[in-house]
file input32.cif (mmCIF, C-alpha atoms)
data_run
loop_
_atom_site.label_atom_id
_atom_site.label_comp_id
_atom_site.auth_asym_id
_atom_site.auth_seq_id
_atom_site.Cartn_x
_atom_site.Cartn_y
_atom_site.Cartn_z
CA MET A 15 -39.18 -52.14 -6.05
CA GLU A 16 -39.49 -51.97 -2.32
CA LEU A 17 -36.30 -52.44 -0.31
CA SER A 18 -36.41 -54.57 2.83
CA ASP A 19 -35.53 -53.02 6.19
CA ASN A 20 -32.40 -55.16 6.32
CA THR A 21 -31.25 -53.90 2.93
CA ILE A 22 -31.90 -50.30 3.95
CA GLU A 23 -30.02 -50.83 7.20
CA ARG A 24 -27.03 -52.34 5.41
CA MET A 25 -27.03 -49.61 2.76
CA CYS A 26 -27.02 -46.96 5.49
CA LYS A 27 -24.02 -48.70 7.03
CA VAL A 28 -22.21 -48.89 3.68
CA PHE A 29 -22.89 -45.19 3.15
CA GLY A 30 -21.53 -44.51 6.64
CA HIS A 31 -18.44 -46.58 5.95
CA LEU A 32 -17.75 -44.79 2.67
CA SER A 33 -18.29 -41.42 4.34
CA SER A 34 -15.85 -42.20 7.14
CA GLU A 35 -13.25 -43.48 4.71
CA ARG A 36 -10.12 -41.48 5.39
CA HIS A 37 -7.76 -42.95 2.84
CA GLY A 38 -9.23 -41.25 -0.19
CA LYS A 39 -9.30 -44.57 -2.00
CA LYS A 40 -10.86 -44.64 -5.47
CA PHE A 41 -12.21 -48.20 -5.32
CA VAL A 42 -13.71 -50.43 -2.69
CA SER A 43 -14.27 -54.20 -2.91
CA SER A 44 -17.42 -56.03 -1.81
CA LYS A 45 -15.09 -57.97 0.48
CA GLU A 46 -13.99 -54.83 2.30
CA LEU A 47 -17.57 -53.58 2.58
CA ALA A 48 -18.78 -56.96 3.84
CA LYS A 49 -16.12 -56.96 6.52
CA ALA A 50 -16.75 -53.36 7.53
CA ILE A 51 -20.45 -53.81 8.12
CA GLY A 52 -20.50 -57.45 9.18
CA THR A 53 -22.24 -59.29 6.36
CA THR A 54 -21.32 -61.49 3.38
CA GLU A 55 -19.89 -60.38 0.05
CA TYR A 56 -22.86 -61.95 -1.70
CA THR A 57 -25.30 -59.83 0.31
CA ILE A 58 -23.32 -56.68 -0.42
CA ARG A 59 -23.32 -57.40 -4.15
CA LYS A 60 -27.04 -58.14 -4.10
CA ASP A 61 -27.82 -54.94 -2.19
CA ILE A 62 -25.70 -52.83 -4.50
CA SER A 63 -27.22 -54.42 -7.61
CA PHE A 64 -30.51 -52.77 -6.57
CA LEU A 65 -28.82 -49.44 -7.16
CA GLY A 66 -28.00 -50.32 -10.73
CA ILE A 67 -24.29 -49.98 -10.03
CA CYS A 68 -21.77 -52.48 -11.35
CA GLY A 69 -18.38 -53.20 -9.88
CA TYR A 70 -15.22 -53.64 -11.94
CA THR A 71 -13.58 -57.07 -11.85
CA ARG A 72 -10.67 -56.96 -9.39
CA LYS A 73 -10.98 -53.24 -8.66
CA GLY A 74 -14.42 -53.35 -7.05
CA TYR A 75 -16.79 -50.40 -6.89
CA GLU A 76 -15.88 -46.84 -7.66
CA VAL A 77 -16.23 -45.11 -4.27
CA ASN A 78 -17.65 -41.81 -5.47
CA SER A 79 -20.34 -43.20 -7.73
CA LEU A 80 -21.35 -45.78 -5.13
CA LYS A 81 -21.67 -43.08 -2.49
CA GLU A 82 -23.57 -40.85 -4.89
CA ALA A 83 -25.98 -43.64 -5.83
CA LEU A 84 -26.58 -44.66 -2.21
CA GLY A 85 -27.05 -41.04 -1.20
CA SER A 86 -29.65 -40.39 -3.84
CA LYS A 87 -31.45 -43.75 -3.43
CA LEU A 88 -31.62 -43.33 0.35
CA ASN A 89 -32.05 -39.57 0.10
CA LEU A 90 -29.03 -39.02 2.32
CA ASN A 91 -27.47 -36.19 0.36
CA LYS A 92 -30.05 -33.83 1.77
CA ARG A 93 -29.41 -32.31 5.20
CA ARG A 94 -32.03 -33.33 7.75
CA LYS A 95 -33.19 -31.60 10.85
CA ALA A 96 -33.53 -33.33 14.17
CA CYS A 97 -34.29 -32.35 17.75
CA ILE A 98 -33.55 -33.87 21.15
CA VAL A 99 -36.05 -34.22 23.99
CA GLY A 100 -34.42 -34.55 27.41
CA LEU A 101 -31.22 -32.63 28.15
CA GLY A 102 -29.72 -34.61 31.00
CA ARG A 103 -26.20 -35.93 30.64
CA LEU A 104 -26.98 -38.22 27.72
CA GLY A 105 -29.20 -35.68 25.96
CA SER A 106 -26.70 -32.87 26.27
CA ALA A 107 -23.90 -35.19 25.09
CA LEU A 108 -26.01 -35.97 22.01
CA LEU A 109 -26.75 -32.28 21.49
CA ASP A 110 -23.11 -31.69 20.68
CA TYR A 111 -22.36 -35.09 19.13
CA GLU A 112 -20.04 -33.89 16.38
CA LYS A 113 -20.72 -36.75 14.00
CA PHE A 114 -24.41 -35.95 13.51
CA GLN A 115 -23.37 -32.72 11.84
CA GLU A 116 -20.67 -34.29 9.68
CA ASP A 117 -23.13 -36.92 8.53
CA GLY A 118 -25.84 -34.58 7.36
CA PHE A 119 -27.99 -34.34 10.47
CA GLU A 120 -28.50 -30.98 12.01
CA ILE A 121 -29.71 -30.82 15.59
CA VAL A 122 -31.74 -27.62 15.50
CA ALA A 123 -33.39 -27.72 18.92
CA GLY A 124 -33.22 -29.29 22.36
CA PHE A 125 -36.14 -29.58 24.77
CA ASP A 126 -36.41 -30.17 28.48
CA CYS A 127 -39.15 -29.76 31.08
CA SER A 128 -36.78 -28.27 33.63
CA ILE A 129 -36.34 -24.51 33.25
CA ASN A 130 -33.40 -24.79 35.61
CA LYS A 131 -31.64 -27.19 33.24
CA LEU A 132 -32.44 -25.01 30.22
CA GLU A 133 -30.85 -22.03 31.92
CA ARG A 134 -27.68 -23.78 32.94
CA ILE A 135 -26.94 -25.85 29.86
CA GLN A 136 -23.87 -24.89 27.82
CA THR A 137 -24.42 -25.42 24.12
CA GLN A 138 -24.57 -23.59 20.81
CA ILE A 139 -27.92 -25.24 20.01
CA ASP A 140 -31.18 -23.44 20.82
CA VAL A 141 -32.99 -25.00 23.76
CA PHE A 142 -36.66 -24.72 24.71
CA SER A 143 -39.23 -25.91 27.19
CA ASP A 144 -41.15 -29.12 26.38
CA ASN A 145 -44.22 -26.92 25.98
CA ASP A 146 -42.75 -25.44 22.81
CA ILE A 147 -42.21 -28.75 20.97
CA LYS A 148 -45.20 -28.36 18.66
CA GLU A 149 -44.39 -24.78 17.69
CA ILE A 150 -40.65 -25.28 17.15
CA VAL A 151 -40.98 -28.57 15.23
CA ALA A 152 -43.35 -26.88 12.76
CA GLN A 153 -41.36 -23.65 12.55
CA ARG A 154 -38.02 -25.36 11.91
CA ALA A 155 -39.35 -28.25 9.80
CA ILE A 156 -37.83 -30.88 12.09
CA GLU A 157 -38.14 -34.42 10.72
CA VAL A 158 -36.60 -36.71 13.33
CA GLY A 159 -36.93 -36.65 17.11
CA ILE A 160 -34.39 -38.12 19.53
CA ILE A 161 -35.63 -39.13 22.96
CA ALA A 162 -33.18 -39.00 25.87
CA VAL A 163 -35.48 -38.59 28.86
CA PRO A 164 -35.69 -40.97 31.84
CA ALA A 165 -37.73 -44.15 31.27
CA SER A 166 -40.73 -42.81 33.17
CA ARG A 167 -41.13 -39.88 30.77
CA ALA A 168 -40.32 -41.60 27.47
CA GLN A 169 -43.91 -42.29 26.37
CA GLU A 170 -44.92 -38.69 27.05
CA ALA A 171 -41.95 -37.43 25.03
CA ALA A 172 -42.87 -39.71 22.11
CA ASP A 173 -46.51 -38.58 22.25
CA ASN A 174 -45.42 -34.93 22.22
CA LEU A 175 -43.16 -35.46 19.22
CA ILE A 176 -45.79 -37.39 17.28
CA GLY A 177 -48.39 -34.77 18.17
CA ALA A 178 -46.06 -32.18 16.68
CA GLY A 179 -45.93 -34.07 13.38
CA ILE A 180 -42.61 -35.92 13.76
CA LYS A 181 -42.55 -39.12 11.68
CA GLY A 182 -39.32 -40.73 12.88
CA ILE A 183 -38.08 -41.33 16.42
CA LEU A 184 -34.78 -42.58 17.80
CA ASN A 185 -35.23 -43.60 21.41
CA PHE A 186 -32.34 -43.74 23.89
CA ALA A 187 -34.63 -44.02 26.91
CA THR A 188 -34.63 -47.41 28.57
CA TYR A 189 -38.32 -47.85 27.94
CA LYS A 190 -39.89 -49.13 24.75
CA VAL A 191 -42.50 -46.57 23.80
CA ILE A 192 -45.62 -47.42 21.85
CA VAL A 193 -46.09 -45.55 18.57
CA PRO A 194 -48.66 -45.68 15.76
CA GLU A 195 -47.91 -47.93 12.76
CA ASN A 196 -46.97 -45.04 10.47
CA ILE A 197 -44.19 -43.79 12.76
CA ILE A 198 -40.66 -45.04 12.15
CA TYR A 199 -39.24 -45.94 15.51
CA LEU A 200 -35.92 -47.32 16.65
CA ASN A 201 -34.84 -48.16 20.15
CA LEU A 202 -31.12 -47.90 20.84
CA ASP A 203 -30.41 -50.19 23.69
CA PHE A 204 -26.77 -50.07 24.79
CA THR A 205 -27.24 -53.11 26.99
CA ASN A 206 -28.01 -55.40 24.08
CA ALA A 207 -24.72 -54.36 22.53
CA LEU A 208 -22.89 -55.12 25.79
CA ARG A 209 -24.70 -58.45 26.08
CA PHE A 210 -23.66 -59.41 22.57
CA ILE A 211 -20.02 -58.59 23.32
CA ALA A 212 -20.00 -60.40 26.67
CA THR A 213 -21.54 -63.51 25.11
CA LYS A 214 -19.09 -63.59 22.23
CA VAL A 215 -16.16 -63.12 24.63
CA MET A 216 -17.42 -66.10 26.63
CA ILE A 217 -17.86 -68.26 23.50
CA ASN A 218 -14.38 -67.32 22.27
CA ARG A 219 -12.86 -68.23 25.61
CA SER A 220 -14.57 -71.62 25.76
CA LYS A 221 -13.22 -72.46 22.30
CA LYS A 222 -9.66 -72.47 23.59
CA MET B 30 -22.92 -76.44 17.67
CA GLU B 31 -21.64 -72.98 16.97
CA LEU B 32 -24.19 -70.19 16.93
CA SER B 33 -23.95 -67.52 14.24
CA ASP B 34 -23.44 -63.89 15.21
CA ASN B 35 -26.92 -63.11 13.97
CA THR B 36 -28.45 -65.78 16.17
CA ILE B 37 -26.49 -64.56 19.19
CA GLU B 38 -27.55 -60.98 18.49
CA ARG B 39 -31.23 -61.96 18.21
CA MET B 40 -31.07 -64.11 21.34
CA CYS B 41 -29.57 -61.21 23.28
CA LYS B 42 -32.45 -59.06 22.08
CA VAL B 43 -35.02 -61.68 23.05
CA PHE B 44 -33.42 -61.93 26.49
CA GLY B 45 -33.55 -58.13 26.75
CA HIS B 46 -37.20 -58.10 25.72
CA LEU B 47 -38.13 -60.76 28.27
CA SER B 48 -36.18 -58.91 30.98
CA SER B 49 -37.92 -55.62 30.28
CA GLU B 50 -41.33 -57.30 30.23
CA ARG B 51 -43.40 -55.45 32.76
CA HIS B 52 -46.68 -57.34 32.49
CA GLY B 53 -45.58 -60.42 34.40
CA LYS B 54 -47.01 -62.59 31.62
CA LYS B 55 -46.48 -66.34 31.88
CA PHE B 56 -46.31 -67.05 28.16
CA VAL B 57 -44.94 -65.31 25.11
CA SER B 58 -45.62 -66.17 21.46
CA SER B 59 -43.02 -66.33 18.70
CA LYS B 60 -45.17 -63.69 16.98
CA GLU B 61 -44.74 -61.25 19.85
CA LEU B 62 -41.00 -61.91 20.05
CA ALA B 63 -40.61 -61.52 16.29
CA LYS B 64 -42.37 -58.18 16.41
CA ALA B 65 -40.43 -56.95 19.43
CA ILE B 66 -37.02 -57.58 17.95
CA GLY B 67 -37.81 -57.04 14.27
CA THR B 68 -37.51 -60.47 12.67
CA THR B 69 -39.78 -63.30 11.44
CA GLU B 70 -41.61 -65.87 13.56
CA TYR B 71 -39.81 -68.61 11.68
CA THR B 72 -36.41 -67.19 12.64
CA ILE B 73 -37.44 -66.89 16.28
CA ARG B 74 -38.63 -70.50 16.37
CA LYS B 75 -35.43 -71.68 14.70
CA ASP B 76 -33.24 -69.69 17.13
CA ILE B 77 -35.13 -70.98 20.15
CA SER B 78 -35.01 -74.57 18.92
CA PHE B 79 -31.21 -74.40 19.41
CA LEU B 80 -31.90 -74.00 23.12
CA GLY B 81 -33.85 -77.25 23.25
CA ILE B 82 -36.97 -75.41 24.35
CA CYS B 83 -40.38 -76.19 22.91
CA GLY B 84 -43.33 -73.87 22.79
CA TYR B 85 -46.89 -74.90 23.61
CA THR B 86 -49.40 -74.75 20.80
CA ARG B 87 -51.44 -71.54 21.10
CA LYS B 88 -49.83 -70.47 24.38
CA GLY B 89 -46.28 -70.02 23.09
CA TYR B 90 -43.17 -70.22 25.23
CA GLU B 91 -43.12 -70.22 28.99
CA VAL B 92 -41.39 -66.90 29.82
CA ASN B 93 -39.39 -68.05 32.81
CA SER B 94 -37.91 -71.19 31.30
CA LEU B 95 -37.12 -69.37 28.05
CA LYS B 96 -35.33 -66.63 29.98
CA GLU B 97 -33.51 -69.18 32.09
CA ALA B 98 -32.40 -71.17 29.02
CA LEU B 99 -31.24 -68.05 27.17
CA GLY B 100 -29.45 -66.78 30.23
CA SER B 101 -27.52 -70.00 30.73
CA LYS B 102 -26.79 -70.57 27.04
CA LEU B 103 -25.55 -67.00 26.58
CA ASN B 104 -24.06 -66.90 30.07
CA LEU B 105 -26.10 -63.81 30.89
CA ASN B 106 -27.15 -64.84 34.39
CA LYS B 107 -23.71 -63.99 35.66
CA ARG B 108 -22.95 -60.36 36.53
CA ARG B 109 -20.20 -58.89 34.38
CA LYS B 110 -17.81 -56.08 35.06
CA ALA B 111 -17.18 -53.27 32.64
CA CYS B 112 -15.26 -49.99 32.63
CA ILE B 113 -15.54 -46.76 30.67
CA VAL B 114 -12.63 -44.89 29.11
CA GLY B 115 -13.36 -41.20 28.51
CA LEU B 116 -15.50 -39.28 30.98
CA GLY B 117 -16.75 -36.38 28.90
CA ARG B 118 -20.49 -35.81 28.64
CA LEU B 119 -21.23 -39.11 26.90
CA GLY B 120 -18.86 -41.12 29.09
CA SER B 121 -20.21 -39.72 32.33
CA ALA B 122 -23.79 -40.26 31.11
CA LEU B 123 -22.89 -43.90 30.46
CA LEU B 124 -21.21 -44.17 33.86
CA ASP B 125 -24.57 -43.74 35.52
CA TYR B 126 -26.70 -45.40 32.83
CA GLU B 127 -29.16 -47.13 35.14
CA LYS B 128 -30.03 -49.95 32.77
CA PHE B 129 -26.53 -51.43 32.66
CA GLN B 130 -26.91 -52.31 36.34
CA GLU B 131 -30.41 -53.70 35.98
CA ASP B 132 -29.27 -55.87 33.12
CA GLY B 133 -26.36 -57.51 34.86
CA PHE B 134 -23.53 -55.20 33.90
CA GLU B 135 -21.64 -53.48 36.62
CA ILE B 136 -19.56 -50.45 35.71
CA VAL B 137 -16.73 -50.76 38.22
CA ALA B 138 -14.37 -48.04 36.98
CA GLY B 139 -14.14 -44.94 34.83
CA PHE B 140 -10.92 -43.59 33.31
CA ASP B 141 -9.91 -40.24 31.90
CA CYS B 142 -6.62 -38.58 31.04
CA SER B 143 -7.67 -35.24 32.52
CA ILE B 144 -7.00 -34.99 36.25
CA ASN B 145 -9.18 -31.91 36.25
CA LYS B 146 -12.15 -33.92 34.93
CA LEU B 147 -11.53 -36.73 37.42
CA GLU B 148 -11.62 -34.27 40.29
CA ARG B 149 -14.81 -32.55 39.22
CA ILE B 150 -16.92 -35.50 38.12
CA GLN B 151 -19.96 -36.36 40.24
CA THR B 152 -20.56 -40.09 40.38
CA GLN B 153 -20.70 -43.05 42.76
CA ILE B 154 -18.35 -45.03 40.51
CA ASP B 155 -14.59 -45.03 41.20
CA VAL B 156 -12.67 -43.00 38.63
CA PHE B 157 -8.97 -43.19 37.76
CA SER B 158 -6.33 -41.78 35.48
CA ASP B 159 -5.77 -43.53 32.12
CA ASN B 160 -2.39 -44.57 33.48
CA ASP B 161 -4.09 -46.93 35.91
CA ILE B 162 -6.07 -48.93 33.32
CA LYS B 163 -3.80 -51.96 33.40
CA GLU B 164 -3.70 -52.19 37.18
CA ILE B 165 -7.42 -51.63 37.79
CA VAL B 166 -8.62 -53.95 35.00
CA ALA B 167 -6.55 -56.79 36.49
CA GLN B 168 -7.43 -55.98 40.10
CA ARG B 169 -11.18 -55.78 39.49
CA ALA B 170 -11.40 -58.54 36.85
CA ILE B 171 -13.02 -56.24 34.29
CA GLU B 172 -14.17 -58.06 31.15
CA VAL B 173 -15.63 -55.43 28.84
CA GLY B 174 -14.34 -51.95 28.02
CA ILE B 175 -16.50 -49.09 26.80
CA ILE B 176 -14.79 -46.34 24.80
CA ALA B 177 -16.25 -42.83 24.95
CA VAL B 178 -13.24 -40.65 24.13
CA PRO B 179 -13.02 -38.19 21.20
CA ALA B 180 -12.28 -39.78 17.79
CA SER B 181 -8.63 -38.72 17.90
CA ARG B 182 -7.98 -40.74 21.06
CA ALA B 183 -10.09 -43.83 20.32
CA GLN B 184 -7.30 -46.04 18.98
CA GLU B 185 -5.09 -45.25 21.98
CA ALA B 186 -7.95 -46.10 24.35
CA ALA B 187 -8.54 -49.43 22.57
CA ASP B 188 -4.83 -50.26 22.66
CA ASN B 189 -4.71 -49.50 26.40
CA LEU B 190 -7.72 -51.72 27.11
CA ILE B 191 -6.40 -54.60 25.01
CA GLY B 192 -2.99 -54.21 26.64
CA ALA B 193 -4.71 -54.58 29.99
CA GLY B 194 -6.25 -57.89 28.92
CA ILE B 195 -9.76 -56.76 27.94
CA LYS B 196 -11.35 -59.11 25.39
CA GLY B 197 -14.49 -57.19 24.45
CA ILE B 198 -14.89 -53.55 23.45
CA LEU B 199 -17.96 -51.39 22.85
CA ASN B 200 -16.93 -48.24 21.02
CA PHE B 201 -18.98 -45.04 21.11
CA ALA B 202 -16.20 -42.92 19.63
CA THR B 203 -16.82 -41.78 16.09
CA TYR B 204 -13.73 -43.55 14.87
CA LYS B 205 -13.49 -47.21 13.91
CA VAL B 206 -10.56 -48.58 15.85
CA ILE B 207 -8.45 -51.49 14.64
CA VAL B 208 -8.30 -54.48 16.97
CA PRO B 209 -6.70 -57.95 16.77
CA GLU B 210 -8.86 -60.83 15.47
CA ASN B 211 -9.41 -62.33 18.92
CA ILE B 212 -10.99 -59.17 20.35
CA ILE B 213 -14.76 -58.83 20.20
CA TYR B 214 -15.48 -55.34 19.01
CA LEU B 215 -18.65 -53.42 18.32
CA ASN B 216 -19.01 -49.89 17.07
CA LEU B 217 -22.17 -48.07 18.14
CA ASP B 218 -22.79 -45.45 15.57
CA PHE B 219 -25.80 -43.28 16.38
CA THR B 220 -25.72 -41.72 12.95
CA ASN B 221 -26.47 -45.00 11.20
CA ALA B 222 -29.57 -45.32 13.33
CA LEU B 223 -30.63 -41.78 12.40
CA ARG B 224 -29.92 -42.49 8.74
CA PHE B 225 -32.09 -45.59 8.82
CA ILE B 226 -34.97 -43.67 10.38
CA ALA B 227 -34.68 -40.73 7.98
CA THR B 228 -34.61 -43.06 4.97
CA LYS B 229 -37.63 -45.04 6.12
CA VAL B 230 -39.55 -41.81 6.80
CA MET B 231 -38.78 -40.68 3.26
CA ILE B 232 -39.85 -44.04 1.76
CA ASN B 233 -43.07 -44.02 3.78
CA ARG B 234 -43.85 -40.52 2.60
CA SER B 235 -43.30 -41.32 -1.06
CA LYS B 236 -45.68 -44.29 -0.79
CA LYS B 237 -48.62 -42.00 -0.18
#
call {"tool": "encode", "arguments": {"input": "input32.cif", "output": "structure tokens"}}
result
Amino acid sequence: MELSDNTIERMCKVFGHLSSERHGKKFVSSKELAKAIGTTEYTIRKDISFLGICGYTRKGYEVNSLKEALGSKLNLNKRRKACIVGLGRLGSALLDYEKFQEDGFEIVAGFDCSINKLERIQTQIDVFSDNDIKEIVAQRAIEVGIIAVPASRAQEAADNLIGAGIKGILNFATYKVIVPENIIYLNLDFTNALRFIATKVMINRSKK
Amino acid sequence: MELSDNTIERMCKVFGHLSSERHGKKFVSSKELAKAIGTTEYTIRKDISFLGICGYTRKGYEVNSLKEALGSKLNLNKRRKACIVGLGRLGSALLDYEKFQEDGFEIVAGFDCSINKLERIQTQIDVFSDNDIKEIVAQRAIEVGIIAVPASRAQEAADNLIGAGIKGILNFATYKVIVPENIIYLNLDFTNALRFIATKVMINRSKK
């Protein structure tokens, strides 16, 4: 059965929540999961039923088997290789973003068009010129590309990554790039998140 | 009538899409909007109906009046002030994130606990010690706080912001902070976005 994008997104969030769980709890309720990822208990139970996992009355789901099932269904137990194009402040911050590693993503290369920047950057990750994208992506079997270039260069970066065989792109540039249908593409726009917060703050205030 | 979080989130995205529209088009269809923000045409039409705006058959919605209505309903026409706590690589990248300005958010202060970092940072934005959060937030009427500190200091940063009267928090730290019910809080986890992309790439591949 094919999972909807919304189900996949929620399952990824549940997996993330279970992975970040620090209490070492054995069981988790659909109520807790619903609250953690911002949905309803019913939706959580429906999503999890697709995994063939049953919860125990009162106790909820067994954390380890739920995580195991999600990991194997979503193929998240495998480590995945990613690269970053654009090593300005945001790109170099992402290069060393500790949580990618913890969560099974390995940043194996960074790219920038400025030789000057490549020479000065301080990081443990190997960095290369944009011209080497094709070669390095193939050599290191990189699956996901992260774009952190200025808006004016975002489309070029996407085209380079796709040309190199990358099938999934996470875009931090403030420009929506155009990609072929078969490419998985997500735009991370911080401003929408800020807008959402500002609007909710305003609604909350007017309630009083 | 009270709007659901999902509706608010989608409306913020529609507003963002219309704002980033570079073609200067006069009309936009529910189909285009649905595609741009990843939902169905039906949902778009339902959301927009809450604004009391009608589309024209075939032509769609008039871009300017839709933007105007969204802006006033969501209170997005007003400029809002935000601050950033934590001026490491990610924090200082966010400090100069051009799109915040374009989109009506003004970063009016940055905070860090390291005097060393405050002295060395290169930015046009005023930066202060963490000890000044309360004073500056009040003085400059800051509404939204952005957290970009390491995980171990995220809760402290949130507590400081809330203590200073901030009602909305966007958290980039890799630690889910605990906030009172009346605080609007959003956690921006890059890894969930990567997970979603990696999973979809895998599903696409197995379809072939």
call {"tool": "residues_around", "arguments": {"input": "input32.cif", "residues": "Leu217 of chain B", "least_positions_apart": "5", "cutoff": "8 Å", "atoms": "all atoms listed in the file", "output": "ChimeraX atom specification"}}
result
/B:199-201
call {"tool": "closest_residue", "arguments": {"input": "input32.cif", "among": "A:Val42, A:Ala96, A:Val141, A:Ile156", "to": "Thr71 of chain A", "atoms": "all atoms listed in the file"}}
result
A:Val42
call {"tool": "interface_residues", "arguments": {"input": "input32.cif", "of": "chain A", "to": "chain B", "cutoff": "7 Å", "atoms": "only C-alpha atoms", "output": "list in words"}}
result
Ile22, Glu23, Cys26, Lys27, Gly30, Leu88, Asn89, Arg103, Leu104, Ala107, Lys113, Phe114, Val158, Lys181, Gly182, Leu184, Thr188, Ile198, Thr205, Asn206, Leu208, Arg209, Phe210, Ile211, Ala212, Thr213, Lys214 and Val215 of chain A
call {"tool": "write_last_selection", "arguments": {"input": "input32.cif", "atoms": "C-alpha atoms", "output": "mmCIF file, in the frame of the given file"}}
result
data_model
loop_
_atom_site.group_PDB
_atom_site.id
_atom_site.type_symbol
_atom_site.label_atom_id
_atom_site.label_comp_id
_atom_site.auth_asym_id
_atom_site.auth_seq_id
_atom_site.Cartn_x
_atom_site.Cartn_y
_atom_site.Cartn_z
ATOM 1 C CA ILE A 22 -31.900 -50.300 3.950
ATOM 2 C CA GLU A 23 -30.020 -50.830 7.200
ATOM 3 C CA CYS A 26 -27.020 -46.960 5.490
ATOM 4 C CA LYS A 27 -24.020 -48.700 7.030
ATOM 5 C CA GLY A 30 -21.530 -44.510 6.640
ATOM 6 C CA LEU A 88 -31.620 -43.330 0.350
ATOM 7 C CA ASN A 89 -32.050 -39.570 0.100
ATOM 8 C CA ARG A 103 -26.200 -35.930 30.640
ATOM 9 C CA LEU A 104 -26.980 -38.220 27.720
ATOM 10 C CA ALA A 107 -23.900 -35.190 25.090
ATOM 11 C CA LYS A 113 -20.720 -36.750 14.000
ATOM 12 C CA PHE A 114 -24.410 -35.950 13.510
ATOM 13 C CA VAL A 158 -36.600 -36.710 13.330
ATOM 14 C CA LYS A 181 -42.550 -39.120 11.680
ATOM 15 C CA GLY A 182 -39.320 -40.730 12.880
ATOM 16 C CA LEU A 184 -34.780 -42.580 17.800
ATOM 17 C CA THR A 188 -34.630 -47.410 28.570
ATOM 18 C CA ILE A 198 -40.660 -45.040 12.150
ATOM 19 C CA THR A 205 -27.240 -53.110 26.990
ATOM 20 C CA ASN A 206 -28.010 -55.400 24.080
ATOM 21 C CA LEU A 208 -22.890 -55.120 25.790
ATOM 22 C CA ARG A 209 -24.700 -58.450 26.080
ATOM 23 C CA PHE A 210 -23.660 -59.410 22.570
ATOM 24 C CA ILE A 211 -20.020 -58.590 23.320
ATOM 25 C CA ALA A 212 -20.000 -60.400 26.670
ATOM 26 C CA THR A 213 -21.540 -63.510 25.110
ATOM 27 C CA LYS A 214 -19.090 -63.590 22.230
ATOM 28 C CA VAL A 215 -16.160 -63.120 24.630
#
call {"tool": "resolve_selection", "arguments": {"input": "input32.cif", "expression": "the PyMOL selection byres ((chain A and resi 78) around 10)", "output": "list of chain:residue names"}}
result
A:Leu32, A:Ser33, A:Gly38, A:Lys39, A:Lys40, A:Phe41, A:Val42, A:Tyr75, A:Glu76, A:Val77, A:Ser79, A:Leu80, A:Lys81, A:Glu82, A:Ala83, A:Leu84
call {"tool": "write_last_selection", "arguments": {"input": "input32.cif", "atoms": "C-alpha atoms", "output": "mmCIF file, keeping the file's coordinate frame"}}
result
data_model
loop_
_atom_site.group_PDB
_atom_site.id
_atom_site.type_symbol
_atom_site.label_atom_id
_atom_site.label_comp_id
_atom_site.auth_asym_id
_atom_site.auth_seq_id
_atom_site.Cartn_x
_atom_site.Cartn_y
_atom_site.Cartn_z
ATOM 1 C CA LEU A 32 -17.750 -44.790 2.670
ATOM 2 C CA SER A 33 -18.290 -41.420 4.340
ATOM 3 C CA GLY A 38 -9.230 -41.250 -0.190
ATOM 4 C CA LYS A 39 -9.300 -44.570 -2.000
ATOM 5 C CA LYS A 40 -10.860 -44.640 -5.470
ATOM 6 C CA PHE A 41 -12.210 -48.200 -5.320
ATOM 7 C CA VAL A 42 -13.710 -50.430 -2.690
ATOM 8 C CA TYR A 75 -16.790 -50.400 -6.890
ATOM 9 C CA GLU A 76 -15.880 -46.840 -7.660
ATOM 10 C CA VAL A 77 -16.230 -45.110 -4.270
ATOM 11 C CA SER A 79 -20.340 -43.200 -7.730
ATOM 12 C CA LEU A 80 -21.350 -45.780 -5.130
ATOM 13 C CA LYS A 81 -21.670 -43.080 -2.490
ATOM 14 C CA GLU A 82 -23.570 -40.850 -4.890
ATOM 15 C CA ALA A 83 -25.980 -43.640 -5.830
ATOM 16 C CA LEU A 84 -26.580 -44.660 -2.210
#
call {"tool": "atom_distance", "arguments": {"input": "input32.cif", "atom1": "atom CA of Leu190 of chain B", "atom2": "atom CA of Thr54 of chain A"}}
result
29.0 Å
call {"tool": "closest_residue", "arguments": {"input": "input32.cif", "among": "A:Glu55, A:Asp173, A:Glu195, A:Asp144", "to": "Lys131 of chain A", "atoms": "all atoms listed in the file"}}
result
A:Asp144
call {"tool": "closest_residue", "arguments": {"input": "input32.cif", "among": "B:Ala187, B:Ile165, B:Leu116, B:Ala170", "to": "Thr152 of chain B", "atoms": "only C-alpha atoms"}}
result
B:Leu116
call {"tool": "resolve_selection", "arguments": {"input": "input32.cif", "expression": "the PyMOL selection byres ((chain A and resi 146) around 12)", "output": "number ranges by chain"}}
result
A: 99, 123-127, 140-145, 147-154, 174-175, 177-178
call {"tool": "axis_aligned_box", "arguments": {"input": "input32.cif", "around": "segment 124-132 of chain B", "padding_each_side": "4 Å", "output": "JSON"}}
result
{"center_x": -25.8, "center_y": -49.8, "center_z": 34.5, "size_x": 17.2, "size_y": 20.1, "size_z": 11.7}
call {"tool": "atom_distance", "arguments": {"input": "input32.cif", "atom1": "atom CA of Ser143 of chain B", "atom2": "atom CA of Gly194 of chain B"}}
result
23.0 Å
call {"tool": "atom_distance", "arguments": {"input": "input32.cif", "atom1": "atom CA of Arg108 of chain B", "atom2": "atom CA of Glu135 of chain B"}}
result
7.0 Å
call {"tool": "closest_residue", "arguments": {"input": "input32.cif", "among": "B:Ile77, B:Ile154, B:Gln184, B:Tyr71", "to": "Ile113 of chain B", "atoms": "all atoms listed in the file"}}
result
B:Ile154
call {"tool": "closest_residue", "arguments": {"input": "input32.cif", "among": "B:Cys83, B:Glu61, B:Leu124, B:Glu148", "to": "Ala177 of chain B", "atoms": "all atoms listed in the file"}}
result
B:Leu124
